[in-house]
$ cat my_file_38.txt   # compact mmCIF, C-alpha atoms
# COMPACT_ATOMS: atom_id res chain seq x y z
CA MET G 1209 0.00 0.00 0.00
CA SER G 1210 1.15 3.51 -0.65
CA ALA G 1211 1.10 6.25 1.94
CA THR G 1212 1.76 9.85 1.10
CA ARG G 1213 3.20 12.14 3.74
CA PRO G 1214 3.52 15.94 3.78
CA ARG G 1215 6.48 17.11 1.75
CA SER G 1216 8.98 19.84 2.39
CA HIS G 1217 10.69 21.47 -0.57
CA ARG G 1218 9.22 18.94 -2.99
CA SER G 1219 10.90 15.99 -1.32
CA GLY G 1220 8.02 13.95 0.07
CA PRO G 1221 6.51 10.89 -1.59
CA VAL G 1222 3.40 10.88 -3.67
CA GLY G 1223 1.33 7.73 -3.32
CA ILE G 1224 -0.23 6.22 -6.41
CA ALA G 1225 -3.04 3.73 -6.48
CA ARG G 1226 -3.28 0.30 -7.87
CA HIS G 1227 -6.17 0.57 -10.29
CA GLY G 1228 -9.43 -0.99 -9.15
CA ARG G 1229 -11.37 -3.49 -11.21
CA LEU G 1230 -15.07 -3.95 -11.81
CA ARG G 1231 -16.43 -6.82 -9.80
CA THR G 1232 -19.61 -8.75 -10.22
CA SER G 1233 -20.36 -8.64 -6.50
CA LYS G 1234 -19.17 -5.07 -5.93
CA PRO G 1235 -19.37 -1.89 -8.03
CA ALA G 1236 -16.47 -0.80 -10.20
CA LEU G 1237 -13.50 0.23 -8.15
CA THR G 1238 -11.56 2.17 -10.76
CA VAL G 1239 -12.66 5.83 -11.05
CA LEU G 1240 -12.20 9.46 -10.62
CA LYS G 1241 -11.09 13.59 -11.51
CA PHE G 1242 -10.64 16.19 -11.25
CA VAL G 1243 -9.98 19.13 -13.63
CA ALA G 1244 -7.88 18.40 -11.49
CA ALA G 1245 -8.25 16.37 -10.07
CA ALA G 1246 -10.22 19.41 -9.55
CA LEU G 1247 -13.12 19.28 -11.92
CA ALA G 1248 -13.51 15.68 -10.90
CA VAL G 1249 -13.70 16.64 -7.25
CA VAL G 1250 -16.26 19.29 -8.10
CA LEU G 1251 -18.13 16.80 -10.23
CA VAL G 1252 -18.44 14.12 -7.58
CA SER G 1253 -18.88 16.60 -4.75
CA GLY G 1254 -21.75 18.17 -6.63
CA ALA G 1255 -23.09 14.80 -7.66
CA SER G 1256 -23.14 13.65 -4.05
CA VAL G 1257 -25.72 16.31 -3.27
CA ALA G 1258 -27.84 15.12 -6.16
CA ALA G 1259 -29.12 12.37 -3.88
CA ILE G 1260 -31.08 15.07 -2.03
CA ALA G 1261 -33.15 15.78 -5.11
CA LEU G 1262 -32.83 12.46 -6.94
CA ASN G 1263 -35.83 12.67 -9.21
CA GLN G 1264 -35.13 16.22 -10.37
CA LEU G 1265 -31.41 15.87 -10.96
CA ASN G 1266 -31.23 12.29 -12.19
CA SER G 1267 -33.48 13.11 -15.12
CA ASN G 1268 -30.89 15.62 -16.37
CA ILE G 1269 -27.90 13.28 -16.37
CA LYS G 1270 -26.59 12.30 -19.79
CA SER G 1271 -24.58 9.10 -20.10
CA VAL G 1272 -22.65 7.04 -22.62
CA ALA G 1273 -21.45 3.43 -22.69
CA LEU G 1274 -17.70 2.85 -22.70
CA VAL G 1275 -16.25 0.05 -24.82
CA GLY G 1276 -16.57 -3.27 -23.00
CA GLU G 1277 -18.28 -1.61 -20.08
CA THR G 1278 -19.84 -3.92 -17.50
CA ALA G 1279 -21.68 -2.86 -14.41
CA GLY G 1280 -22.00 -4.59 -11.08
CA PRO G 1281 -24.52 -3.53 -8.43
CA PRO G 1282 -23.95 -0.04 -7.00
CA PRO G 1283 -22.31 0.18 -3.58
CA ASP G 1284 -24.24 0.83 -0.43
CA LEU G 1285 -24.13 4.55 0.23
CA GLY G 1286 -20.76 5.52 1.66
CA SER G 1287 -19.21 2.05 1.34
CA PHE G 1288 -16.74 2.28 -1.53
CA ASP G 1289 -13.87 -0.17 -1.07
CA GLY G 1290 -10.38 0.11 -2.52
CA GLY G 1291 -8.87 2.44 -5.08
CA PHE G 1292 -10.46 3.84 -8.21
CA ASN G 1293 -9.68 5.73 -11.44
CA ILE G 1294 -11.70 8.11 -13.58
CA LEU G 1295 -10.87 10.00 -16.76
CA VAL G 1296 -12.19 13.57 -16.81
CA VAL G 1297 -12.34 15.16 -20.26
CA GLY G 1298 -13.07 18.78 -21.14
CA SER G 1299 -14.74 19.30 -24.53
CA ASP G 1300 -14.31 22.40 -26.72
CA THR G 1301 -17.63 21.85 -28.49
CA ARG G 1302 -19.46 25.05 -29.36
CA GLU G 1303 -22.83 23.32 -29.65
CA GLY G 1304 -25.23 24.57 -27.00
CA GLN G 1305 -22.59 26.85 -25.47
CA GLY G 1306 -24.27 30.18 -26.20
CA GLY G 1307 -21.61 31.37 -28.64
CA ILE G 1308 -18.68 30.79 -26.27
CA GLY G 1309 -15.45 30.26 -28.20
CA GLY G 1310 -16.92 31.50 -31.47
CA LYS G 1311 -18.16 29.30 -34.28
CA SER G 1312 -16.54 25.94 -34.92
CA ASP G 1313 -17.73 22.56 -36.08
CA SER G 1314 -14.86 20.74 -34.39
CA VAL G 1315 -15.31 18.71 -31.23
CA LEU G 1316 -11.94 18.22 -29.54
CA ASN G 1317 -10.89 17.25 -26.03
CA ASP G 1318 -9.10 20.29 -24.59
CA VAL G 1319 -8.49 18.74 -21.16
CA ASN G 1320 -7.63 15.13 -20.30
CA ILE G 1321 -7.08 14.28 -16.63
CA LEU G 1322 -6.77 10.79 -15.24
CA ILE G 1323 -7.44 10.60 -11.50
CA HIS G 1324 -6.05 7.79 -9.36
CA VAL G 1325 -7.11 7.17 -5.77
CA SER G 1326 -4.89 4.78 -3.83
CA GLU G 1327 -6.04 1.34 -2.78
CA ASP G 1328 -5.96 2.43 0.87
CA GLN G 1329 -7.81 5.65 -0.04
CA THR G 1330 -5.19 7.86 1.61
CA ASN G 1331 -4.03 9.80 -1.45
CA ALA G 1332 -4.97 10.81 -4.98
CA VAL G 1333 -3.02 11.79 -8.07
CA ALA G 1334 -4.32 13.60 -11.15
CA ILE G 1335 -2.32 13.16 -14.37
CA SER G 1336 -2.87 15.80 -17.07
CA PHE G 1337 -2.27 14.69 -20.65
CA PRO G 1338 -1.45 17.60 -22.99
CA ARG G 1339 -4.07 18.06 -25.69
CA ASP G 1340 -1.29 18.25 -28.29
CA LEU G 1341 0.40 15.04 -27.10
CA VAL G 1342 0.97 12.81 -30.13
CA VAL G 1343 0.14 9.19 -29.30
CA PRO G 1344 -1.10 6.01 -31.03
CA ILE G 1345 -4.88 5.99 -31.27
CA PRO G 1346 -6.59 2.59 -31.34
CA SER G 1347 -9.56 1.68 -33.49
CA CYS G 1348 -12.68 3.21 -31.93
CA PRO G 1349 -16.40 2.61 -32.47
CA LYS G 1350 -17.92 5.50 -34.41
CA THR G 1351 -20.33 7.71 -32.49
CA ASP G 1352 -23.12 6.95 -34.97
CA GLY G 1353 -22.76 3.23 -34.29
CA LYS G 1354 -21.78 2.47 -37.88
CA GLY G 1355 -18.49 0.63 -37.76
CA SER G 1356 -15.17 1.70 -36.29
CA THR G 1357 -12.42 4.17 -37.11
CA PRO G 1358 -9.05 2.80 -38.23
CA ALA G 1359 -6.18 2.73 -35.74
CA MET G 1360 -3.65 5.54 -36.17
CA ALA G 1361 0.05 5.36 -35.37
CA GLY G 1362 0.40 8.93 -34.15
CA GLN G 1363 -2.12 11.74 -33.76
CA PRO G 1364 -2.72 14.46 -31.13
CA ILE G 1365 -4.76 12.98 -28.32
CA ASN G 1366 -7.35 15.76 -28.62
CA VAL G 1367 -8.76 14.33 -31.87
CA THR G 1368 -10.09 11.25 -30.07
CA LEU G 1369 -13.29 13.01 -29.05
CA PHE G 1370 -13.92 13.87 -32.70
CA TYR G 1371 -13.29 10.33 -33.96
CA GLY G 1372 -15.13 8.33 -31.34
CA GLY G 1373 -16.42 10.47 -28.51
CA LEU G 1374 -15.63 9.89 -24.84
CA PRO G 1375 -15.21 6.09 -25.28
CA CYS G 1376 -12.39 6.71 -27.80
CA THR G 1377 -10.55 9.05 -25.44
CA VAL G 1378 -10.79 6.39 -22.72
CA LEU G 1379 -9.50 3.68 -25.06
CA THR G 1380 -6.55 5.87 -26.06
CA VAL G 1381 -5.49 6.66 -22.49
CA GLU G 1382 -5.89 2.99 -21.56
CA ALA G 1383 -3.63 2.00 -24.46
CA LEU G 1384 -1.08 4.67 -23.53
CA THR G 1385 -0.90 3.82 -19.82
CA GLY G 1386 -1.93 0.17 -19.67
CA LEU G 1387 -4.51 1.02 -17.00
CA ASP G 1388 -8.17 0.01 -17.00
CA ILE G 1389 -10.47 3.05 -16.90
CA PRO G 1390 -14.07 1.97 -16.38
CA PHE G 1391 -15.27 5.45 -15.30
CA ALA G 1392 -15.26 8.70 -17.26
CA ALA G 1393 -16.86 12.12 -17.39
CA LEU G 1394 -17.08 14.78 -20.09
CA ILE G 1395 -17.61 18.48 -19.24
CA THR G 1396 -18.39 21.42 -21.53
CA PHE G 1397 -17.44 25.12 -21.50
CA GLN G 1398 -20.74 25.97 -19.84
CA GLY G 1399 -20.07 23.38 -17.15
CA VAL G 1400 -16.76 25.02 -16.24
CA ILE G 1401 -18.36 28.48 -16.23
CA GLN G 1402 -21.32 27.50 -14.08
CA MET G 1403 -19.30 25.39 -11.63
CA SER G 1404 -16.85 28.21 -10.94
CA THR G 1405 -19.79 30.50 -10.29
CA ALA G 1406 -21.54 27.94 -8.08
CA VAL G 1407 -18.58 27.77 -5.67
CA GLY G 1408 -18.40 31.56 -5.45
CA GLY G 1409 -15.31 31.90 -7.62
CA VAL G 1410 -11.79 30.47 -7.39
CA PRO G 1411 -8.85 32.55 -6.06
CA VAL G 1412 -6.04 32.48 -8.63
CA CYS G 1413 -2.60 34.10 -8.37
CA VAL G 1414 -0.63 35.48 -11.34
CA ASN G 1415 2.94 36.82 -11.16
CA GLY G 1416 2.32 39.68 -13.59
CA PRO G 1417 -0.22 41.12 -16.06
CA MET G 1418 -1.92 38.25 -17.88
CA LYS G 1419 -3.46 39.04 -21.23
CA ASP G 1420 -4.53 36.69 -23.99
CA PRO G 1421 -6.65 38.07 -26.86
CA TYR G 1422 -7.40 34.54 -28.03
CA THR G 1423 -9.39 33.64 -24.90
CA GLY G 1424 -10.17 37.15 -23.64
CA ILE G 1425 -8.45 36.87 -20.26
CA ASN G 1426 -7.16 40.25 -19.01
CA LEU G 1427 -5.71 40.40 -15.50
CA PRO G 1428 -3.99 43.83 -15.38
CA ALA G 1429 -1.34 43.26 -12.69
CA ALA G 1430 0.33 40.66 -10.49
CA GLY G 1431 -1.82 39.47 -7.62
CA THR G 1432 -4.70 37.18 -6.69
CA TYR G 1433 -8.02 37.34 -8.51
CA ASN G 1434 -11.29 35.59 -7.66
CA LEU G 1435 -12.25 34.09 -11.01
CA SER G 1436 -15.73 32.91 -11.89
CA GLY G 1437 -17.94 32.51 -14.92
CA ALA G 1438 -16.53 33.22 -18.37
CA GLU G 1439 -13.38 34.74 -16.85
CA ALA G 1440 -12.53 31.42 -15.16
CA LEU G 1441 -12.97 29.58 -18.47
CA ALA G 1442 -10.80 32.14 -20.28
CA PHE G 1443 -8.05 31.64 -17.70
CA LEU G 1444 -8.14 27.85 -18.02
CA ARG G 1445 -8.11 27.97 -21.82
CA SER G 1446 -5.29 30.50 -22.08
CA ARG G 1447 -2.13 29.16 -23.71
CA HIS G 1448 -0.61 32.30 -25.20
CA GLY G 1449 -0.91 34.18 -21.92
CA VAL G 1450 1.08 31.81 -19.69
CA GLY G 1451 4.49 30.16 -19.50
CA ASP G 1452 6.19 29.77 -22.86
CA GLY G 1453 2.92 29.83 -24.78
CA SER G 1454 2.88 26.05 -25.16
CA ASP G 1455 0.31 23.46 -24.17
CA LEU G 1456 2.68 22.35 -21.40
CA GLY G 1457 2.72 25.84 -19.91
CA ARG G 1458 -1.06 25.87 -19.95
CA ILE G 1459 -1.23 22.61 -17.97
CA SER G 1460 0.84 23.90 -15.05
CA SER G 1461 -1.17 27.14 -15.11
CA GLN G 1462 -4.36 25.07 -14.99
CA GLN G 1463 -2.96 23.24 -11.96
CA VAL G 1464 -2.69 26.60 -10.16
CA TYR G 1465 -6.45 26.93 -10.66
CA LEU G 1466 -7.26 23.31 -9.88
CA SER G 1467 -5.34 23.20 -6.62
CA SER G 1468 -7.15 26.36 -5.52
CA LEU G 1469 -10.46 24.90 -6.68
CA ILE G 1470 -9.94 21.83 -4.51
CA ARG G 1471 -9.11 23.99 -1.51
CA THR G 1472 -12.27 25.96 -2.18
CA VAL G 1473 -14.48 22.89 -2.59
CA LYS G 1474 -13.06 21.23 0.54
CA SER G 1475 -13.42 24.34 2.67
CA ASN G 1476 -16.20 24.58 5.23
CA ASP G 1477 -17.63 27.54 3.34
CA THR G 1478 -18.53 25.19 0.50
CA LEU G 1479 -19.14 21.86 2.21
CA THR G 1480 -21.56 23.37 4.74
CA ASP G 1481 -23.34 25.67 2.29
CA PHE G 1482 -26.36 23.77 0.96
CA SER G 1483 -27.12 26.33 -1.75
CA LYS G 1484 -23.59 26.01 -3.17
CA LEU G 1485 -23.67 22.24 -3.05
CA TYR G 1486 -27.08 22.05 -4.67
CA SER G 1487 -25.94 24.49 -7.37
CA LEU G 1488 -22.92 22.28 -8.06
CA ALA G 1489 -25.16 19.22 -8.29
CA THR G 1490 -27.50 20.98 -10.71
CA VAL G 1491 -24.65 22.23 -12.90
CA ALA G 1492 -23.06 18.79 -12.98
CA SER G 1493 -26.29 17.10 -13.98
CA GLN G 1494 -26.89 19.57 -16.81
CA ASN G 1495 -23.39 19.99 -18.23
CA VAL G 1496 -21.59 16.69 -17.70
CA THR G 1497 -21.86 13.45 -19.66
CA LEU G 1498 -21.02 10.38 -17.56
CA SER G 1499 -20.08 6.83 -18.42
CA ASN G 1500 -22.95 4.48 -17.61
CA SER G 1501 -20.82 3.00 -14.82
CA LEU G 1502 -20.58 6.40 -13.12
CA LYS G 1503 -24.11 7.75 -13.41
CA ASN G 1504 -25.46 5.83 -10.41
CA LEU G 1505 -25.81 8.33 -7.58
CA ASN G 1506 -24.77 5.86 -4.88
CA THR G 1507 -21.50 5.30 -6.72
CA MET G 1508 -20.83 9.03 -7.07
CA VAL G 1509 -21.77 9.83 -3.48
CA SER G 1510 -19.55 7.04 -2.16
CA MET G 1511 -16.61 8.22 -4.26
CA ALA G 1512 -17.15 11.81 -3.13
CA LEU G 1513 -17.00 10.73 0.50
CA VAL G 1514 -13.65 9.05 -0.15
CA LEU G 1515 -12.25 12.20 -1.79
CA LYS G 1516 -13.58 14.44 0.97
CA ASP G 1517 -11.39 12.70 3.54
CA ILE G 1518 -8.10 12.86 1.59
CA PRO G 1519 -5.85 15.65 2.97
CA LEU G 1520 -4.88 18.45 0.60
CA GLU G 1521 -1.19 17.57 0.78
CA LYS G 1522 -2.02 14.09 -0.48
CA ILE G 1523 -3.87 15.27 -3.57
CA THR G 1524 -1.22 15.72 -6.26
CA PHE G 1525 -1.35 17.08 -9.80
CA VAL G 1526 1.28 15.88 -12.27
CA GLN G 1527 1.85 16.38 -15.97
CA TYR G 1528 2.28 13.32 -18.15
CA PRO G 1529 6.02 13.49 -18.94
CA SER G 1530 6.40 15.17 -22.33
CA THR G 1531 8.19 17.93 -24.16
CA THR G 1532 8.00 20.28 -27.14
CA GLY G 1533 10.63 21.01 -29.79
CA VAL G 1534 10.84 17.51 -31.27
CA GLY G 1535 10.67 17.05 -35.04
CA GLY G 1536 8.97 14.51 -37.27
CA ILE G 1537 5.40 13.65 -36.32
CA TYR G 1538 5.88 15.74 -33.16
CA SER G 1539 6.71 18.94 -35.04
CA GLY G 1540 4.65 21.77 -33.53
CA LYS G 1541 3.11 19.29 -31.10
CA VAL G 1542 4.08 17.51 -27.85
CA ALA G 1543 6.18 14.36 -27.64
CA PRO G 1544 6.06 11.89 -24.72
CA LEU G 1545 9.19 11.34 -22.65
CA ALA G 1546 9.35 7.56 -22.69
CA GLY G 1547 11.59 7.00 -19.67
CA PRO G 1548 9.85 9.23 -17.10
CA ALA G 1549 6.42 8.23 -18.45
CA ALA G 1550 7.20 4.53 -18.03
CA ALA G 1551 8.51 5.15 -14.51
CA LEU G 1552 5.37 7.08 -13.57
CA VAL G 1553 3.03 4.41 -14.91
CA ALA G 1554 5.05 1.68 -13.18
CA LYS G 1555 4.55 3.40 -9.84
CA ILE G 1556 0.83 3.62 -10.50
CA LYS G 1557 0.54 -0.04 -11.39
CA ALA G 1558 2.58 -1.13 -8.36
CA ASP G 1559 0.81 1.27 -5.99
CA GLU G 1560 4.19 2.54 -4.83
CA PRO G 1561 5.02 6.02 -3.48
CA PHE G 1562 7.20 8.37 -5.48
CA ALA G 1563 8.49 11.88 -5.05
CA ILE G 1564 8.34 14.98 -7.23
CA ASN G 1565 11.33 17.27 -7.04
CA SER G 1566 11.49 18.69 -10.57
CA GLY G 1567 9.52 21.91 -10.16
CA THR G 1568 5.93 22.90 -10.87
CA GLY G 1569 6.12 23.34 -14.65
CA ARG G 1570 6.53 25.91 -17.40
CA GLY G 1571 3.42 27.89 -16.56
CA SER G 1572 3.63 28.31 -12.77
CA VAL G 1573 5.90 29.59 -10.00
CA ILE G 1574 5.89 29.59 -6.22
CA ASP G 1575 3.41 32.05 -4.68
CA PRO G 1576 5.61 34.48 -2.70
CA ASN G 1577 2.64 35.27 -0.45
CA ALA G 1578 1.72 31.66 0.32
CA PRO G 1579 0.53 30.93 3.87
CA PRO G 1580 3.41 29.89 6.16
CA THR G 1581 1.98 26.39 6.52
CA ALA G 1582 1.83 25.76 2.77
CA ALA G 1583 4.46 23.40 1.36
CA GLU G 1584 7.01 25.17 -0.81
CA PRO G 1585 7.63 23.70 -4.28
CA ALA G 1586 11.13 23.59 -5.68
CA PRO G 1587 11.91 26.17 -8.38
CA SER G 1588 11.05 24.97 -11.87
CA GLY G 1589 14.00 23.21 -13.43
CA SER G 1590 15.76 22.58 -10.12
CA ALA G 1591 17.88 19.47 -9.69
CA THR G 1592 16.20 16.44 -8.22
CA ALA G 1593 17.29 14.96 -4.93
CA ALA G 1594 16.33 11.82 -3.07
CA PRO G 1595 13.90 12.57 -0.21
CA ASP G 1596 14.85 11.74 3.37
CA ASP G 1597 12.46 8.82 3.64
CA GLY G 1598 13.88 7.11 0.57
CA ALA G 1599 10.88 7.48 -1.75
CA GLU G 1600 12.13 7.41 -5.32
CA VAL G 1601 12.23 10.68 -7.22
CA ILE G 1602 11.08 10.40 -10.85
CA PRO G 1603 13.13 12.91 -12.86
CA GLY G 1604 11.07 14.78 -15.43
CA VAL G 1605 7.76 14.55 -13.56
CA LEU G 1606 6.41 18.04 -12.81
CA GLY G 1607 3.55 19.01 -10.54
CA GLN G 1608 2.27 20.18 -7.18
CA THR G 1609 -0.11 19.19 -4.40
CA ALA G 1610 -3.44 20.83 -3.64
CA ALA G 1611 -1.88 22.21 -0.44
CA GLU G 1612 0.81 24.12 -2.34
CA TYR G 1613 0.14 27.72 -3.30
CA THR G 1614 1.46 28.66 -6.73
CA CYS G 1615 0.97 31.47 -9.24
CA SER G 1616 0.53 31.30 -12.99
CA LYS G 1617 3.66 32.50 -14.74
CA VAL G 1618 2.63 35.04 -17.35
CA ASN G 1619 3.99 34.97 -20.87
CA ASN G 1620 5.47 38.43 -21.49
$ encode --input "my_file_38.txt" --output "structure tokens"
Amino acid sequence: MSATRPRSHRSGPVGIARHGRLRTSKPALTVLKFVAAALAVVLVSGASVAAIALNQLNSNIKSVALVGETAGPPPDLGSFDGGFNILVVGSDTREGQGGIGGKSDSVLNDVNILIHVSEDQTNAVAISFPRDLVVPIPSCPKTDGKGSTPAMAGQPINVTLFYGGLPCTVLTVEALTGLDIPFAALITFQGVIQMSTAVGGVPVCVNGPMKDPYTGINLPAAGTYNLSGAEALAFLRSRHGVGDGSDLGRISSQQVYLSSLIRTVKSNDTLTDFSKLYSLATVASQNVTLSNSLKNLNTMVSMALVLKDIPLEKITFVQYPSTTGVGGIYSGKVAPLAGPAAALVAKIKADEPFAINSGTGRGSVIDPNAPPTAAEPAPSGSATAAPDDGAEVIPGVLGQTAAEYTCSKVNN
């Protein structure tokens, strides 16, 4: 079993879960996310309240069958055993979004986050896969039910939603990682907008003026801003305004938001505010498409209760190891780093702890005004060092915990 402990200067271990499996006598044990781990936490936290108004909310839930999906009986409320995984996908569809993002017929997956909860339910890790990451894409059933798409040797992962919907994105991440993913959720622009508003906004720090005409974000000076509504979406979508302008910079900037979102959702102000929780439940039911295995409210409530009890310092966001600047099929896109990626996945499969000591990423920096109790990440690009307790450091793995306060690094 893995056990994550608080880290100082990026040296503590991060526990990873052994993936759960669907059982015939128990519900599926492999699920969860966050857009962020964050959007996933919001999703299941909101969904847990849906039990209060089952008839009203359940009728709004949209669902889709994953390839090979099987379903056991749902768990008794609050009795979810073992670890679980869920893939949370953010769609850039313009359909039904009230003109947000302009006009486009494309349907791509802008955000891809795989959430792992450890077998002993003591820690969680969210892995962000860059939308421009070029990977093999397996054959996927077409969304119209008429045959399957051909397998492709190398395409950006964000085309999977176009070729085969949410099931195709799940199949691709399963093929890439070797993990079973029986649970998934798809959220739209409107879902992000309405969820950020439902929690009363998310405090986000930037280290300078952040402007991006492509998404419309305009934060005039360094500092902390409470983002909600369309402004929160513009921040999350911004690539040109953060880091080096790459998809990798955007991911670490998104993790600044997601870690703050988790702190907001787990705060007493949210968890004890019925109106906020009910608003989250309503938004989730109207703007999220769930795998059939996830739509049962008992399953979602039980998973939410597990997440609620995981300490902030044991909820970790990492970026799937990758880089830009590689030629060939990766030209202008993102290439996986085979060694660090294999090491990361091996830790997940073995449910072994590991440490991050490689910095937060291209699009974020340490918050100089972080609370004294907040763990301090190592500077981006710093040398790795073995932690005191002997947990293995995986070079090339970037990220932060939900307890760590960071700022988006603006692209000047």
$ residues_around --input "my_file_38.txt" --residues "region 1600-1606 of chain G" --least-positions-apart "5" --cutoff "6 Å" --atoms "only C-alpha atoms" --output "MDAnalysis selection string"
chainID G and resid 1526:1527 1529 1548 1562:1564 1566:1569 1594
$ atom_distance --input "my_file_38.txt" --atom1 "CA of Gln1329 (chain G)" --atom2 "CA of Thr1507 (chain G)"
15.2 Å
$ atom_distance --input "my_file_38.txt" --atom1 "CA of Thr1478 (chain G)" --atom2 "CA of Val1407 (chain G)"
6.7 Å
$ closest_residue --input "my_file_38.txt" --among "G:Asp1300, G:Thr1385, G:Phe1370, G:Ile1518" --to "Ala1546 (chain G)" --atoms "all atoms listed in the file"
G:Thr1385
$ closest_residue --input "my_file_38.txt" --among "G:Val1618, G:Cys1348, G:Ala1551, G:Ile1269" --to "Ser1460 (chain G)" --atoms "all atoms listed in the file"
G:Val1618
$ residues_near_point --input "my_file_38.txt" --point "(-0.7, 21.0, -25.2)" --cutoff "6 Å" --atoms "only C-alpha atoms" --output "PyMOL selection string"
chain G and resi 1338-1340+1455-1456
$ residues_around --input "my_file_38.txt" --residues "Pro1544 (chain G)" --least-positions-apart "6" --cutoff "9 Å" --atoms "all atoms listed in the file" --output "PyMOL selection string"
chain G and resi 1341-1343+1528-1532
$ closest_residue --input "my_file_38.txt" --among "G:Ile1294, G:Ile1345, G:Ala1438, G:Leu1316" --to "Ile1389 (chain G)" --atoms "all atoms listed in the file"
G:Ile1294
$ atom_distance --input "my_file_38.txt" --atom1 "CA of Ala1611 (chain G)" --atom2 "CA of Leu1384 (chain G)"
29.0 Å
$ closest_residue --input "my_file_38.txt" --among "G:Val1272, G:Val1325, G:Val1296, G:Val1496" --to "Asp1559 (chain G)" --atoms "only C-alpha atoms"
G:Val1325
$ closest_residue --input "my_file_38.txt" --among "G:Asn1415, G:Asn1577, G:Asn1506, G:Gln1462" --to "Ile1321 (chain G)" --atoms "only C-alpha atoms"
G:Gln1462
$ closest_residue --input "my_file_38.txt" --among "G:Gly1536, G:Gly1431, G:Gly1386, G:Gly1291" --to "Pro1417 (chain G)" --atoms "all atoms listed in the file"
G:Gly1431
$ residues_around --input "my_file_38.txt" --residues "Gly1449 (chain G)" --least-positions-apart "4" --cutoff "10 Å" --atoms "only C-alpha atoms" --output "PyMOL selection string"
chain G and resi 1417-1426+1443+1445+1453-1454+1457-1458+1461+1571+1616-1620
$ write_last_selection --input "my_file_38.txt" --atoms "C-alpha atoms" --output "PDB file, keeping the file's coordinate frame"
ATOM      1  CA  PRO G1417      -0.220  41.120 -16.060  1.00  0.00           C
ATOM      2  CA  MET G1418      -1.920  38.250 -17.880  1.00  0.00           C
ATOM      3  CA  LYS G1419      -3.460  39.040 -21.230  1.00  0.00           C
ATOM      4  CA  ASP G1420      -4.530  36.690 -23.990  1.00  0.00           C
ATOM      5  CA  PRO G1421      -6.650  38.070 -26.860  1.00  0.00           C
ATOM      6  CA  TYR G1422      -7.400  34.540 -28.030  1.00  0.00           C
ATOM      7  CA  THR G1423      -9.390  33.640 -24.900  1.00  0.00           C
ATOM      8  CA  GLY G1424     -10.170  37.150 -23.640  1.00  0.00           C
ATOM      9  CA  ILE G1425      -8.450  36.870 -20.260  1.00  0.00           C
ATOM     10  CA  ASN G1426      -7.160  40.250 -19.010  1.00  0.00           C
ATOM     11  CA  PHE G1443      -8.050  31.640 -17.700  1.00  0.00           C
ATOM     12  CA  ARG G1445      -8.110  27.970 -21.820  1.00  0.00           C
ATOM     13  CA  GLY G1453       2.920  29.830 -24.780  1.00  0.00           C
ATOM     14  CA  SER G1454       2.880  26.050 -25.160  1.00  0.00           C
ATOM     15  CA  GLY G1457       2.720  25.840 -19.910  1.00  0.00           C
ATOM     16  CA  ARG G1458      -1.060  25.870 -19.950  1.00  0.00           C
ATOM     17  CA  SER G1461      -1.170  27.140 -15.110  1.00  0.00           C
ATOM     18  CA  GLY G1571       3.420  27.890 -16.560  1.00  0.00           C
ATOM     19  CA  SER G1616       0.530  31.300 -12.990  1.00  0.00           C
ATOM     20  CA  LYS G1617       3.660  32.500 -14.740  1.00  0.00           C
ATOM     21  CA  VAL G1618       2.630  35.040 -17.350  1.00  0.00           C
ATOM     22  CA  ASN G1619       3.990  34.970 -20.870  1.00  0.00           C
ATOM     23  CA  ASN G1620       5.470  38.430 -21.490  1.00  0.00           C
TER      24      ASN G1620
END
